[in-house]
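Below you'll find the structure, written out as structure tokens, and then a few comments.
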Amino acid sequence: MSKGRLIIFSAPSGCGKGTMLAEILKDERFGVSVSATTRAPRTGETEGVNYYYLSEEEFQRRVDAGEFLEHAVYCEHQYGTLNSEVDRKLAAGVNVILEIEVQGAADVMKKRPDAITVFILPPSVEELRRRLHKRGTEPEEVIEKRIAQAEYEMGFAGDYKYNIVNDALEDAVSDFFAIIRAEELRTDINN
């Protein structure tokens with residue numbers, strides 16, 4: 001059995017990242033890393049399936065010990081990706097996808113330069129705006145904030161080895177699998 005590959009998967013809100021991942025994860029060669037968090041489990045969540053639930057003290061101890069590939073604070077709780085979780089799955093031959101924002105991705109890229117980095121783009125900012133309006137879940141001022149954040153994040157697309165424009169879901173997923181196949185066929189694994 002060959003070792004799996006680490007894949008960094010980033011996209012602004014509204015680019016179809018979640019929908020793409022749902023399709024990709026139908027392929028048993030791919031999986032996601034279970035993150036650790038300091039927030040309490042929600043109803044129906046299971047330890048080791050949804051998250052690893054840690055106390056603030058335990059989380060900080062692990063940060064200090066260098067056990068996290070990346071970590072961040074979000075809504076007053078800490079979240080992070082444990083090196084051990086990623087390494088365990090990679091050793092089992094699973095291609096591990098980290099669905100991660102651009103700052104966390106930059107941290108991981110420094111620590112794991114062998115990671116396959118993929119950034120998902122909308123066909124255009126206008127199309128992104130249309131998709132966010134179509135959701136019908138947020139007021140106009142929130143949509144405009146999301147657009148501004150998306151434009152900021154798209155400024156980092158050049159830091160990723162691969163960019164996929166998600167215009168049609170089937171094509172974008174096909175492009176993702178083509179990238180993985182190309183990586184499997186590479187001979188210059190040190191570059």
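Ordering of the structure tokens sets the chain letters (A, B, ...), residue numbers begin anew at 1 in every chain, and ligands are numbered from 1 in the order given.
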
DSSP strand (DSSP E or B) residues within range 4-188 of chain A, as a VMD selection string: chain A and resid 6 to 10 30 to 32 36 to 37 47 51 to 53 68 to 74 77 to 82 95 to 99 116 to 121 162 to 165

Within 10 Å of Ile179 in chain A using only C-alpha atoms, minus same-chain residues under 2 positions, as a list of chain:residue names: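 Skipping anything fewer than 2 positions along the chain leaves A:Ile116, A:Thr117, A:Val118, A:Lys161, A:Tyr162, A:Asn163, A:Ile164, A:Val173, A:Ser174, A:Asp175, A:Phe176, A:Phe177, A:Arg181, A:Ala182, A:Glu183, A:Glu184, A:Leu185.
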
Export of the given selection (C-alpha atoms) as a PDB file, in the first residue's frame:
```pdb
ATOM      1  CA  ILE A 116      -0.763  19.272  -3.048  1.00  0.00           C
ATOM      2  CA  THR A 117      -2.290  22.747  -2.897  1.00  0.00           C
ATOM      3  CA  VAL A 118      -5.579  23.468  -4.681  1.00  0.00           C
ATOM      4  CA  LYS A 161       0.145  24.936  -7.070  1.00  0.00           C
ATOM      5  CA  TYR A 162      -3.233  24.421  -8.745  1.00  0.00           C
ATOM      6  CA  ASN A 163      -6.267  26.635  -9.350  1.00  0.00           C
ATOM      7  CA  ILE A 164      -9.621  25.213 -10.406  1.00  0.00           C
ATOM      8  CA  VAL A 173     -14.381  17.661  -9.800  1.00  0.00           C
ATOM      9  CA  SER A 174     -12.885  16.112 -12.943  1.00  0.00           C
ATOM     10  CA  ASP A 175     -10.121  18.750 -12.843  1.00  0.00           C
ATOM     11  CA  PHE A 176      -9.419  17.852  -9.205  1.00  0.00           C
ATOM     12  CA  PHE A 177      -9.032  14.159 -10.023  1.00  0.00           C
ATOM     13  CA  ARG A 181      -3.545  11.671 -11.163  1.00  0.00           C
ATOM     14  CA  ALA A 182      -0.823  14.022 -12.446  1.00  0.00           C
ATOM     15  CA  GLU A 183       0.710  14.122  -8.967  1.00  0.00           C
ATOM     16  CA  GLU A 184       0.670  10.321  -8.810  1.00  0.00           C
ATOM     17  CA  LEU A 185       2.613  10.204 -12.083  1.00  0.00           C
TER      18      LEU A 185
END
```

Option closest in space to Gly14 in chain A, from A:Glu126, A:Glu170, A:Glu141, A:Glu56 [counting only C-alpha atoms]: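 Of all the options, A:Glu126 lies closest to Gly14 in chain A.
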
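Counting from CA of Gly93 in chain A, the distance to CA of Asp64 in chain A is 28.8 Å.
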
Which of range 18-148 of chain A fall in alpha helix (DSSP H), as number ranges by chain: A: 18-24, 56-64, 83-91, 102-111, 125-135, 140-148
